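Data file: work.cif. Format and content: mmCIF, C-alpha atoms (C1' of nucleotides).
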```
data_input
loop_
_atom_site.label_atom_id
_atom_site.label_comp_id
_atom_site.auth_asym_id
_atom_site.auth_seq_id
_atom_site.Cartn_x
_atom_site.Cartn_y
_atom_site.Cartn_z
CA MET X 24 -94.18 25.93 54.42
CA THR X 25 -92.96 22.44 54.66
CA ASP X 26 -89.27 22.89 54.50
CA ILE X 27 -88.08 19.48 53.57
CA ASN X 28 -85.64 19.65 50.81
CA PHE X 29 -85.63 15.98 50.20
CA SER X 30 -83.42 14.94 53.07
CA GLY X 31 -85.95 14.82 55.83
CA PRO X 32 -89.12 13.02 54.87
CA ALA X 33 -88.57 9.73 53.17
CA GLY X 34 -84.98 9.18 54.00
CA ALA X 35 -83.52 5.75 53.50
CA PRO X 36 -85.76 3.24 51.78
CA ASP X 37 -86.99 0.42 53.94
CA SER X 38 -87.24 -3.16 52.82
CA LYS X 39 -90.85 -3.48 53.72
CA GLY X 40 -92.55 -0.13 53.47
CA VAL X 41 -94.79 1.08 56.21
CA GLU X 42 -94.74 4.86 56.14
CA GLY X 43 -97.49 6.60 58.04
CA ALA X 44 -99.64 3.75 56.89
CA GLY X 45 -102.91 2.99 58.49
CA ALA X 46 -104.93 0.03 57.32
CA HIS X 47 -103.84 -1.62 54.10
CA SER X 48 -100.06 -1.43 53.93
CA ARG X 49 -99.57 -5.07 52.99
CA ASP X 50 -95.75 -4.88 53.10
CA LEU X 51 -95.18 -3.62 49.61
CA ARG X 52 -91.78 -4.38 48.16
CA TRP X 53 -90.78 -0.84 47.28
CA ASP X 54 -87.09 -1.60 47.43
CA ILE X 55 -87.12 -4.38 44.87
CA ILE X 56 -89.55 -2.48 42.64
CA GLU X 57 -87.16 0.43 42.59
CA LEU X 58 -84.04 -1.68 42.12
CA LEU X 59 -85.65 -3.37 39.13
CA PHE X 60 -86.34 0.02 37.58
CA PHE X 61 -82.77 1.26 37.94
CA ALA X 62 -81.13 -2.05 37.08
CA TYR X 63 -83.13 -2.44 33.89
CA ARG X 64 -82.65 1.18 32.92
CA ASP X 65 -78.89 0.87 33.07
CA PHE X 66 -78.91 -2.62 31.58
CA VAL X 67 -80.68 -1.54 28.41
CA GLY X 68 -78.77 1.72 28.45
CA ASP X 69 -75.60 -0.17 27.58
CA ALA X 70 -77.11 -1.34 24.33
CA ASP X 71 -79.00 1.86 23.58
CA HIS X 72 -75.81 3.85 23.47
CA GLU X 73 -74.14 1.49 21.04
CA LEU X 74 -77.22 1.20 18.84
CA GLU X 75 -77.17 4.91 18.11
CA ALA X 76 -73.99 4.43 16.14
CA PHE X 77 -75.90 2.09 13.83
CA GLY X 78 -78.98 4.27 13.56
CA PHE X 79 -81.01 1.61 15.28
CA GLY X 80 -83.21 1.61 18.36
CA ARG X 81 -84.28 -0.86 21.00
CA ALA X 82 -86.80 -2.38 18.68
CA HIS X 83 -84.05 -3.43 16.29
CA HIS X 84 -82.06 -4.91 19.14
CA ARG X 85 -84.93 -7.05 20.35
CA VAL X 86 -85.57 -8.40 16.87
CA MET X 87 -81.89 -9.14 16.27
CA HIS X 88 -81.56 -10.80 19.64
CA PHE X 89 -84.37 -13.28 19.17
CA VAL X 90 -83.58 -14.02 15.54
CA HIS X 91 -80.01 -14.74 16.54
CA ARG X 92 -80.95 -16.87 19.50
CA TYR X 93 -83.65 -18.85 17.73
CA PRO X 94 -82.57 -19.17 14.09
CA GLY X 95 -85.41 -19.97 11.74
CA LEU X 96 -87.92 -18.13 13.89
CA LYS X 97 -91.15 -17.47 12.01
CA VAL X 98 -92.50 -13.95 11.76
CA ALA X 99 -95.59 -15.03 13.68
CA ASP X 100 -93.48 -16.38 16.54
CA LEU X 101 -91.48 -13.20 16.68
CA LEU X 102 -94.71 -11.21 16.98
CA ASP X 103 -95.74 -13.42 19.90
CA VAL X 104 -92.45 -12.96 21.71
CA LEU X 105 -92.22 -9.23 21.25
CA ARG X 106 -95.93 -8.72 21.77
CA ILE X 107 -96.18 -6.07 19.11
CA THR X 108 -98.25 -5.80 15.94
CA LYS X 109 -97.00 -6.90 12.56
CA GLN X 110 -97.17 -3.32 11.33
CA SER X 111 -94.84 -2.28 14.07
CA LEU X 112 -92.50 -5.19 13.49
CA GLY X 113 -92.67 -4.61 9.74
CA ARG X 114 -90.79 -1.35 9.86
CA VAL X 115 -87.80 -2.49 11.84
CA LEU X 116 -87.66 -5.87 10.17
CA LYS X 117 -87.63 -4.26 6.75
CA GLN X 118 -84.69 -2.09 7.75
CA LEU X 119 -82.77 -5.05 9.13
CA LEU X 120 -83.44 -7.02 5.94
CA ASP X 121 -82.53 -4.13 3.65
CA GLU X 122 -79.31 -3.45 5.49
CA GLY X 123 -78.30 -7.08 5.52
CA TYR X 124 -78.50 -7.93 9.21
CA ILE X 125 -81.18 -10.56 8.71
CA VAL X 126 -82.21 -12.87 5.85
CA GLN X 127 -85.48 -14.63 5.18
CA LYS X 128 -85.86 -18.14 3.85
CA THR X 129 -89.10 -19.62 2.63
CA GLY X 130 -90.31 -22.43 4.83
CA ASN X 131 -89.99 -25.82 3.17
CA ASN X 132 -93.00 -27.40 4.81
CA ASP X 133 -95.12 -24.30 4.49
CA ARG X 134 -94.00 -21.97 1.74
CA ARG X 135 -95.98 -19.04 3.14
CA GLN X 136 -93.65 -18.80 6.10
CA ARG X 137 -90.61 -16.56 6.11
CA LEU X 138 -88.03 -18.05 8.45
CA LEU X 139 -85.62 -15.51 9.86
CA TYR X 140 -81.87 -15.89 10.23
CA ALA X 141 -79.15 -13.48 11.33
CA THR X 142 -76.36 -12.85 8.84
CA ALA X 143 -72.71 -12.61 9.87
CA LYS X 144 -73.22 -8.87 10.01
CA GLY X 145 -76.21 -9.39 12.26
CA GLU X 146 -74.33 -11.82 14.49
CA ALA X 147 -71.58 -9.28 14.91
CA LEU X 148 -73.98 -6.58 16.01
CA VAL X 149 -75.93 -8.71 18.42
CA GLY X 150 -72.72 -10.15 19.85
CA LYS X 151 -71.32 -6.72 20.47
CA LEU X 152 -74.44 -5.64 22.33
CA ALA X 153 -74.57 -8.85 24.33
CA GLY X 154 -70.93 -8.28 25.23
CA LEU X 155 -71.72 -4.94 26.81
CA GLN X 156 -74.60 -6.38 28.79
CA THR X 157 -72.54 -9.42 29.77
CA ASP X 158 -69.87 -7.14 31.17
CA ARG X 159 -72.43 -5.51 33.41
CA ILE X 160 -73.83 -8.86 34.53
CA ASN X 161 -70.34 -10.19 35.25
CA ARG X 162 -69.59 -7.15 37.36
CA ALA X 163 -72.86 -7.66 39.20
CA VAL X 164 -72.22 -11.32 40.01
CA ALA X 165 -68.51 -10.92 40.77
CA ASP X 166 -69.16 -11.12 44.51
CA ILE X 167 -71.88 -13.76 44.28
CA ASP X 168 -71.09 -17.47 44.44
CA PRO X 169 -72.45 -19.92 41.82
CA ALA X 170 -75.34 -20.97 44.06
CA GLY X 171 -76.27 -17.33 44.46
CA VAL X 172 -76.18 -16.77 40.71
CA GLU X 173 -78.49 -19.73 40.33
CA THR X 174 -80.80 -18.10 42.87
CA VAL X 175 -80.81 -14.95 40.75
CA ARG X 176 -81.76 -17.03 37.70
CA GLN X 177 -84.49 -18.74 39.68
CA PHE X 178 -85.85 -15.37 40.76
CA LEU X 179 -85.89 -14.00 37.22
CA ARG X 180 -87.53 -17.14 35.85
CA ALA X 181 -90.20 -16.99 38.53
CA MET X 182 -90.94 -13.35 37.66
CA ILE X 183 -92.08 -14.40 34.19
CA ASP X 184 -95.69 -15.20 33.32
CA ARG X 185 -96.07 -18.84 32.47
CA ASP X 186 -99.66 -18.97 31.43
CA ASP X 187 -99.92 -18.45 27.69
CA PRO X 188 -96.22 -18.88 26.90
CA ASP X 189 -94.94 -18.14 23.43
CA LYS X 190 -92.64 -20.46 21.52
CA VAL X 191 -89.50 -18.93 22.95
CA LEU X 192 -90.70 -19.22 26.53
CA GLU X 193 -91.71 -22.82 25.91
CA THR X 194 -88.13 -23.41 24.89
CA ILE X 195 -86.73 -21.62 27.92
CA PHE X 196 -88.94 -23.48 30.38
CA GLY X 197 -89.08 -27.04 29.12
CA SER X 198 -92.41 -27.17 27.32
CA GLY X 199 -93.91 -29.48 29.94
CA SER X 200 -95.59 -27.35 32.59
CA LYS X 201 -98.00 -24.61 31.67
CA LYS X 202 -99.16 -24.17 35.24
CA PRO X 203 -98.67 -20.66 36.63
CA ARG X 204 -98.00 -22.06 40.11
CA GLU X 205 -94.81 -23.75 41.12
CA MET L 6 -101.77 -26.69 11.69
CA THR L 7 -98.61 -24.71 12.10
CA ASP L 8 -96.03 -27.41 11.93
CA ILE L 9 -93.49 -25.51 13.90
CA ASN L 10 -90.15 -25.50 12.26
CA PHE L 11 -88.94 -23.74 15.32
CA SER L 12 -87.80 -26.81 17.16
CA GLY L 13 -84.93 -27.82 14.98
CA PRO L 14 -82.39 -25.05 14.63
CA ALA L 15 -81.59 -23.43 17.96
CA GLY L 16 -83.02 -25.82 20.45
CA ALA L 17 -82.63 -25.22 24.15
CA PRO L 18 -80.75 -22.13 25.28
CA ASP L 19 -77.42 -22.73 26.93
CA SER L 20 -76.17 -20.90 29.97
CA LYS L 21 -72.94 -19.84 28.36
CA GLY L 22 -73.44 -19.48 24.64
CA VAL L 23 -70.96 -20.97 22.26
CA GLU L 24 -72.85 -21.75 19.08
CA GLY L 25 -70.80 -22.31 15.96
CA ALA L 26 -68.55 -19.66 17.39
CA GLY L 27 -65.00 -19.36 16.29
CA ALA L 28 -62.68 -16.92 17.98
CA HIS L 29 -64.33 -14.39 20.23
CA SER L 30 -67.16 -16.11 22.07
CA ARG L 31 -66.29 -14.72 25.51
CA ASP L 32 -69.01 -16.65 27.33
CA LEU L 33 -71.84 -14.22 26.78
CA ARG L 34 -74.65 -14.45 29.30
CA TRP L 35 -77.48 -14.98 26.88
CA ASP L 36 -79.64 -16.68 29.45
CA ILE L 37 -79.64 -13.85 31.98
CA ILE L 38 -79.99 -11.24 29.25
CA GLU L 39 -83.11 -12.99 28.04
CA LEU L 40 -84.53 -13.61 31.50
CA LEU L 41 -84.16 -9.91 32.31
CA PHE L 42 -86.09 -9.03 29.17
CA PHE L 43 -89.02 -11.31 29.95
CA ALA L 44 -89.02 -10.63 33.69
CA TYR L 45 -89.10 -6.88 33.21
CA ARG L 46 -91.67 -7.09 30.44
CA ASP L 47 -94.11 -8.96 32.66
CA PHE L 48 -93.20 -6.90 35.72
CA VAL L 49 -94.13 -3.59 34.09
CA GLY L 50 -97.01 -5.29 32.31
CA ASP L 51 -98.81 -5.64 35.63
CA ALA L 52 -98.89 -1.90 36.08
CA ASP L 53 -99.48 -1.09 32.42
CA HIS L 54 -102.74 -2.95 32.41
CA GLU L 55 -104.06 -1.16 35.47
CA LEU L 56 -102.89 2.24 34.24
CA GLU L 57 -105.08 2.01 31.16
CA ALA L 58 -108.14 2.28 33.37
CA PHE L 59 -106.87 5.66 34.51
CA GLY L 60 -105.89 6.88 31.07
CA PHE L 61 -102.28 6.97 32.16
CA GLY L 62 -99.10 5.41 30.80
CA ARG L 63 -95.79 4.25 32.15
CA ALA L 64 -94.47 7.78 32.28
CA HIS L 65 -97.17 8.73 34.76
CA HIS L 66 -96.40 5.68 36.85
CA ARG L 67 -92.72 6.49 37.11
CA VAL L 68 -93.44 10.06 38.17
CA MET L 69 -96.00 8.96 40.75
CA HIS L 70 -93.69 6.31 42.10
CA PHE L 71 -90.77 8.61 42.80
CA VAL L 72 -92.87 11.48 44.09
CA HIS L 73 -94.53 9.08 46.48
CA ARG L 74 -91.31 7.49 47.62
CA TYR L 75 -89.36 10.71 48.03
CA PRO L 76 -91.88 13.35 49.13
CA GLY L 77 -90.75 16.89 48.51
CA LEU L 78 -88.70 15.86 45.49
CA LYS L 79 -87.72 18.86 43.40
CA VAL L 80 -88.56 18.96 39.71
CA ALA L 81 -84.85 19.05 38.89
CA ASP L 82 -84.22 15.89 40.92
CA LEU L 83 -87.07 14.12 39.22
CA LEU L 84 -85.56 14.99 35.85
CA ASP L 85 -82.26 13.50 36.97
CA VAL L 86 -83.86 10.28 38.13
CA LEU L 87 -86.03 9.74 35.11
CA ARG L 88 -83.41 10.98 32.70
CA ILE L 89 -85.87 12.78 30.50
CA THR L 90 -86.20 16.41 29.46
CA LYS L 91 -88.30 18.91 31.34
CA GLN L 92 -90.55 19.26 28.31
CA SER L 93 -91.26 15.56 28.37
CA LEU L 94 -91.83 15.55 32.11
CA GLY L 95 -93.94 18.69 31.79
CA ARG L 96 -96.72 16.96 29.93
CA VAL L 97 -97.28 14.09 32.33
CA LEU L 98 -96.64 16.19 35.42
CA LYS L 99 -99.22 18.72 34.29
CA GLN L 100 -101.80 15.97 33.88
CA LEU L 101 -101.04 14.53 37.31
CA LEU L 102 -101.30 17.99 38.88
CA ASP L 103 -104.51 18.88 37.03
CA GLU L 104 -106.16 15.62 37.98
CA GLY L 105 -105.13 15.91 41.61
CA TYR L 106 -102.67 13.07 41.99
CA ILE L 107 -99.78 15.36 42.89
CA VAL L 108 -99.47 18.77 44.52
CA GLN L 109 -96.65 21.28 44.39
CA LYS L 110 -95.41 23.37 47.29
CA THR L 111 -93.05 26.29 46.98
CA GLY L 112 -89.70 25.65 48.62
CA ASN L 113 -89.16 27.77 51.71
CA ASN L 114 -85.40 28.05 51.41
CA ASP L 115 -85.58 28.65 47.70
CA ARG L 116 -88.93 29.91 46.53
CA ARG L 117 -88.18 29.04 42.91
CA GLN L 118 -88.38 25.37 43.68
CA ARG L 119 -91.60 23.38 43.30
CA LEU L 120 -91.49 20.49 45.75
CA LEU L 121 -93.68 17.59 44.73
CA TYR L 122 -95.98 15.56 46.96
CA ALA L 123 -98.46 12.81 46.23
CA THR L 124 -102.05 13.44 47.32
CA ALA L 125 -104.18 10.77 48.93
CA LYS L 126 -105.55 10.07 45.47
CA GLY L 127 -102.00 9.69 44.21
CA GLU L 128 -101.01 7.45 47.10
CA ALA L 129 -103.96 5.22 46.34
CA LEU L 130 -102.96 4.81 42.71
CA VAL L 131 -99.30 4.18 43.34
CA GLY L 132 -100.13 1.77 46.14
CA LYS L 133 -102.44 -0.20 43.91
CA LEU L 134 -99.77 -0.53 41.25
CA ALA L 135 -97.09 -1.43 43.78
CA GLY L 136 -99.47 -4.06 45.14
CA LEU L 137 -99.67 -5.79 41.77
CA GLN L 138 -95.92 -5.77 41.36
CA THR L 139 -95.40 -6.88 44.95
CA ASP L 140 -97.66 -9.86 44.32
CA ARG L 141 -95.44 -10.90 41.43
CA ILE L 142 -92.27 -10.43 43.48
CA ASN L 143 -93.71 -12.41 46.39
CA ARG L 144 -94.61 -15.25 44.06
CA ALA L 145 -91.09 -15.14 42.65
CA VAL L 146 -89.37 -15.30 46.03
CA ALA L 147 -91.76 -17.81 47.57
CA ASP L 148 -89.25 -20.63 47.15
CA ILE L 149 -86.20 -18.53 47.99
CA ASP L 150 -84.90 -18.21 51.55
CA PRO L 151 -84.13 -14.80 53.13
CA ALA L 152 -80.43 -15.07 52.33
CA GLY L 153 -81.31 -15.77 48.71
CA VAL L 154 -83.59 -12.77 48.55
CA GLU L 155 -80.75 -10.67 49.88
CA THR L 156 -78.57 -12.09 47.10
CA VAL L 157 -81.18 -11.00 44.57
CA ARG L 158 -81.11 -7.49 46.05
CA GLN L 159 -77.34 -7.48 45.94
CA PHE L 160 -77.42 -8.50 42.29
CA LEU L 161 -79.89 -5.80 41.35
CA ARG L 162 -77.96 -3.13 43.25
CA ALA L 163 -74.74 -4.16 41.55
CA MET L 164 -76.41 -3.90 38.13
CA ILE L 165 -76.93 -0.16 38.66
CA ASP L 166 -74.45 2.48 37.51
CA ARG L 167 -72.89 4.21 40.47
CA ASP L 168 -70.85 6.85 38.80
CA ASP L 169 -72.89 10.02 38.52
CA PRO L 170 -75.69 9.01 40.89
CA ASP L 171 -78.79 11.18 41.19
CA LYS L 172 -80.32 12.18 44.52
CA VAL L 173 -82.50 9.10 44.69
CA LEU L 174 -79.63 6.72 44.06
CA GLU L 175 -77.56 8.51 46.66
CA THR L 176 -80.35 7.78 49.09
CA ILE L 177 -80.58 4.15 48.06
CA PHE L 178 -76.86 3.54 48.33
CA GLY L 179 -75.82 5.43 51.47
CA SER L 180 -74.52 8.72 50.09
CA GLY L 181 -70.98 8.02 51.23
CA SER L 182 -69.44 5.85 48.55
CA LYS L 183 -69.46 6.88 44.95
CA LYS L 184 -67.16 4.03 44.05
CA PRO L 185 -68.56 1.63 41.45
CA ARG L 186 -67.08 -1.27 43.38
CA GLU L 187 -68.53 -2.67 46.57
"C1'" DA A 28 -112.10 -27.03 -8.52
"C1'" DA A 29 -113.77 -23.50 -5.71
"C1'" DA A 30 -114.04 -21.35 -1.40
"C1'" DT A 31 -111.92 -20.29 2.82
"C1'" DT A 32 -108.32 -19.69 6.01
"C1'" DT A 33 -103.61 -18.61 7.13
"C1'" DA A 34 -99.00 -16.17 6.92
"C1'" DT A 35 -97.17 -12.33 5.59
"C1'" DG A 36 -96.78 -7.58 3.82
"C1'" DT A 37 -98.24 -2.83 3.29
"C1'" DC A 38 -100.77 1.79 3.25
"C1'" DA A 39 -102.72 5.36 6.13
"C1'" DG A 40 -103.65 7.56 10.26
"C1'" DT A 41 -103.20 8.10 15.39
"C1'" DC A 42 -101.15 8.11 20.07
"C1'" DA A 43 -97.60 8.19 23.82
"C1'" DT A 44 -93.38 9.56 24.93
"C1'" DG A 45 -89.14 10.89 23.99
"C1'" DT A 46 -86.10 14.76 21.62
"C1'" DT A 47 -84.11 19.99 20.41
"C1'" DG A 48 -84.41 24.85 20.39
"C1'" DA A 49 -86.20 29.13 21.85
"C1'" DC A 50 -88.04 31.98 25.09
"C1'" DA A 51 -90.58 33.80 29.61
"C1'" DT A 52 -90.85 34.46 34.61
"C1'" DA A 53 -89.68 34.46 39.24
"C1'" DT A 54 -86.18 34.22 42.40
"C1'" DC A 55 -81.60 33.73 44.19
"C1'" DT A 56 -76.64 35.13 43.96
"C1'" DT A 57 -72.98 38.23 42.96
"C1'" DA I 28 -78.13 46.18 38.81
"C1'" DA I 29 -76.63 42.13 36.47
"C1'" DG I 30 -76.36 37.43 35.98
"C1'" DA I 31 -77.41 32.68 37.11
"C1'" DT I 32 -80.79 29.24 38.38
"C1'" DA I 33 -85.40 26.68 38.71
"C1'" DT I 34 -89.24 26.15 36.45
"C1'" DG I 35 -92.71 26.44 32.71
"C1'" DT I 36 -94.22 26.65 27.93
"C1'" DC I 37 -94.56 26.91 22.71
"C1'" DA I 38 -93.41 24.58 18.47
"C1'" DA I 39 -91.54 21.05 15.66
"C1'" DC I 40 -89.95 16.51 15.18
"C1'" DA I 41 -88.60 11.16 15.85
"C1'" DT I 42 -89.47 6.61 17.44
"C1'" DG I 43 -92.11 2.93 18.22
"C1'" DA I 44 -96.25 1.52 19.67
"C1'" DC I 45 -101.44 1.22 17.99
"C1'" DT I 46 -105.99 0.34 14.82
"C1'" DG I 47 -108.20 -0.57 10.50
"C1'" DA I 48 -108.23 -1.82 5.81
"C1'" DC I 49 -106.65 -4.27 2.13
"C1'" DA I 50 -103.38 -7.43 -1.00
"C1'" DT I 51 -100.99 -11.70 -2.14
"C1'" DA I 52 -99.59 -16.30 -2.04
"C1'" DA I 53 -100.02 -20.67 -0.30
"C1'" DA I 54 -102.30 -24.08 2.43
"C1'" DT I 55 -106.61 -26.23 3.85
"C1'" DT I 56 -111.42 -27.34 3.60
"C1'" DT I 57 -115.57 -28.10 1.27
#
```
What is this file in structure tokens?
Amino acid sequence: MTDINFSGPAGAPDSKGVEGAGAHSRDLRWDIIELLFFAYRDFVGDADHELEAFGFGRAHHRVMHFVHRYPGLKVADLLDVLRITKQSLGRVLKQLLDEGYIVQKTGNNDRRQRLLYATAKGEALVGKLAGLQTDRINRAVADIDPAGVETVRQFLRAMIDRDDPDKVLETIFGSGSKKPRE
Amino acid sequence: MTDINFSGPAGAPDSKGVEGAGAHSRDLRWDIIELLFFAYRDFVGDADHELEAFGFGRAHHRVMHFVHRYPGLKVADLLDVLRITKQSLGRVLKQLLDEGYIVQKTGNNDRRQRLLYATAKGEALVGKLAGLQTDRINRAVADIDPAGVETVRQFLRAMIDRDDPDKVLETIFGSGSKKPRE
DNA sequence: AAATTTATGTCAGTCATGTTGACATATCTT
DNA sequence: AAGATATGTCAACATGACTGACATAAATTT
């Protein structure tokens, strides 16, 4: 008969969790873990809602995003970035090609390669989605000064694995350092 | 010998995209959009890897996390937080109950309710996963001073929708203000 | 030139996790 | 007693992952 209807037990989240903890509490960062969950949920939710109107899903968005941002991306590079199998990519890529959001061009150095480019139609879609997400980001940084925004960028960059970077990550972090320590 | 055509076209990402853009460029925040994608991918990747050993997926992790953090959570509240259907929750919750990671207790005010609690076994799992993610967060904030970390928290909080908050979000943001502005 | 490797595409089947719709049961509210 | 609410469950389906096998064209190696 524990009454507890939610209000009592946990209550307000603490920055460095301790709970009834005995030995190995280690100051887990529950608050940031949770904030990341909610922030990302709502962040991708912006795009998800709009994508429905096009009959597309998140997978299509991710492909469109990276093809737009890195024109001439090879299929193999895209597989590395998205970390999915070619069979999985194949389905969404085929749809995007068929419906004219992306075009392929044969590589000139290596004619086996299919370099990917967004069409005007594709640019429009990806721009619209980025606009929604940009609105949210702008709202979020409205009360943060430029140095603070740079701190946020630094945090996000430092959250990313840097061992075994794909081509896109090499571009984001100047391709010099592959060391996981900073 | 992949001779990387990749380098030419897009080149380094810019903080405020302009591209060949004509009219409506609006300073989209491509850089932060992309950093969020990679940061979250690697962040959840930590847990994903560990979960495989238990035969669980992300869905199980999310349930365990919130049940642990908010002991006595009602099934209905959990559905609100996760934003999934009861049928979808039912499957993973049943597994977690059957395998002894979570227990249910009948509400004493309302005996229809099933209040959820993590068992010691459940605490151990969720703590292990939070440990992995905490390690990543600690690495990420190692070069950021306390004020900067607070800025990161502020950013993440401000990224979250505050209209229509569920019970958990009401707890996170003191339940007073439902205004989307802070 | 022939053999092998690489880049890409595709068929077939499976799994995890989400969905809708319908319905059952216990319990609380009116 | 009747209705609403909290939960659970059955069945069917969609999306987006997965593995494994195989096909083709083009580059590379022998």
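Closest approach to Thr129 in chain X among X:Glu73, X:Thr142, X:Val98, X:Thr174 is made by X:Val98 (distances from all atoms listed in the file).
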Problem - DT51 in chain I surroundings by all atoms listed in the file, 12 Å radius, close-in-sequence under 4 positions cut, as a PyMOL selection string - result: (chain X and resi 135) or (chain A and resi 33-37)
Practice task
Please identify every residue of chain X that has at least one atom no more than 8 Å from any atom of chain I, counting all atoms listed in the file, and report them as a count of residues only.
Solution key: 7
Practice task
Give the residues of chain X that lie within 12 Å of chain A; count only C-alpha atoms (C1' of nucleotides), and format the answer as a PyMOL selection string.
Solution key: chain X and resi 97-100+102+109-114+116-117+127+129-130+133-138
Fill in the blank from the handout: Separating CA of His65 in chain L from CA of Ala129 in chain L, to the nearest tenth of an Å, is a gap of 13.9 Å
Practice task
Within 8 Å of chain L, which residues of chain X are there when counting only C-alpha atoms? Please give them as a ChimeraX atom specification.
Solution key: /X:24-29,32-36,49,51-53,55-56,58-59,61-63,65-66,92-97,132,153-154,156-157,159-160,162-164,167,171,174-176,178-184,190,194-195
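CA of Arg167 in chain L is found 21.6 Å from CA of Val72 in chain L.
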Fill in the blank from the handout: Correct to one decimal, the distance CA of Asp168 in chain L-CA of Ala70 in chain X is 17.8 Å
Please complete range 153-158 of chain L with all heavy atoms and give it back as an mmCIF file, in the frame of the given file.
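Okay, this is what ended up in part03.cif:
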```
data_model
loop_
_atom_site.group_PDB
_atom_site.id
_atom_site.type_symbol
_atom_site.label_atom_id
_atom_site.label_comp_id
_atom_site.auth_asym_id
_atom_site.auth_seq_id
_atom_site.Cartn_x
_atom_site.Cartn_y
_atom_site.Cartn_z
ATOM 1 N N GLY L 153 -81.218 -15.809 50.162
ATOM 2 C CA GLY L 153 -81.310 -15.770 48.710
ATOM 3 C C GLY L 153 -81.939 -14.485 48.218
ATOM 4 O O GLY L 153 -81.503 -13.906 47.217
ATOM 5 N N VAL L 154 -82.952 -14.026 48.921
ATOM 6 C CA VAL L 154 -83.590 -12.770 48.550
ATOM 7 C C VAL L 154 -82.593 -11.614 48.685
ATOM 8 O O VAL L 154 -82.552 -10.705 47.854
ATOM 9 C CB VAL L 154 -84.846 -12.495 49.415
ATOM 10 C CG1 VAL L 154 -85.438 -11.135 49.089
ATOM 11 C CG2 VAL L 154 -85.888 -13.592 49.177
ATOM 12 N N GLU L 155 -81.771 -11.704 49.716
ATOM 13 C CA GLU L 155 -80.750 -10.670 49.880
ATOM 14 C C GLU L 155 -79.734 -10.736 48.732
ATOM 15 O O GLU L 155 -79.243 -9.708 48.265
ATOM 16 C CB GLU L 155 -80.049 -10.827 51.238
ATOM 17 C CG GLU L 155 -79.317 -9.573 51.696
ATOM 18 C CD GLU L 155 -80.126 -8.296 51.482
ATOM 19 O OE1 GLU L 155 -81.285 -8.213 51.943
ATOM 20 O OE2 GLU L 155 -79.604 -7.379 50.819
ATOM 21 N N THR L 156 -79.462 -11.930 48.262
ATOM 22 C CA THR L 156 -78.570 -12.090 47.100
ATOM 23 C C THR L 156 -79.188 -11.439 45.864
ATOM 24 O O THR L 156 -78.495 -10.785 45.082
ATOM 25 C CB THR L 156 -78.314 -13.585 46.818
ATOM 26 O OG1 THR L 156 -77.700 -14.181 47.960
ATOM 27 C CG2 THR L 156 -77.405 -13.761 45.609
ATOM 28 N N VAL L 157 -80.485 -11.619 45.701
ATOM 29 C CA VAL L 157 -81.180 -11.000 44.570
ATOM 30 C C VAL L 157 -81.061 -9.476 44.656
ATOM 31 O O VAL L 157 -80.761 -8.809 43.665
ATOM 32 C CB VAL L 157 -82.665 -11.416 44.534
ATOM 33 C CG1 VAL L 157 -83.439 -10.576 43.525
ATOM 34 C CG2 VAL L 157 -82.781 -12.895 44.195
ATOM 35 N N ARG L 158 -81.264 -8.940 45.872
ATOM 36 C CA ARG L 158 -81.110 -7.490 46.050
ATOM 37 C C ARG L 158 -79.690 -7.054 45.723
ATOM 38 O O ARG L 158 -79.491 -6.031 45.064
ATOM 39 C CB ARG L 158 -81.401 -7.108 47.509
ATOM 40 C CG ARG L 158 -82.850 -6.901 47.802
ATOM 41 C CD ARG L 158 -83.038 -6.066 49.060
ATOM 42 N NE ARG L 158 -84.425 -6.187 49.496
ATOM 43 C CZ ARG L 158 -84.879 -7.160 50.258
ATOM 44 N NH1 ARG L 158 -84.057 -8.075 50.723
ATOM 45 N NH2 ARG L 158 -86.155 -7.206 50.569
#
```
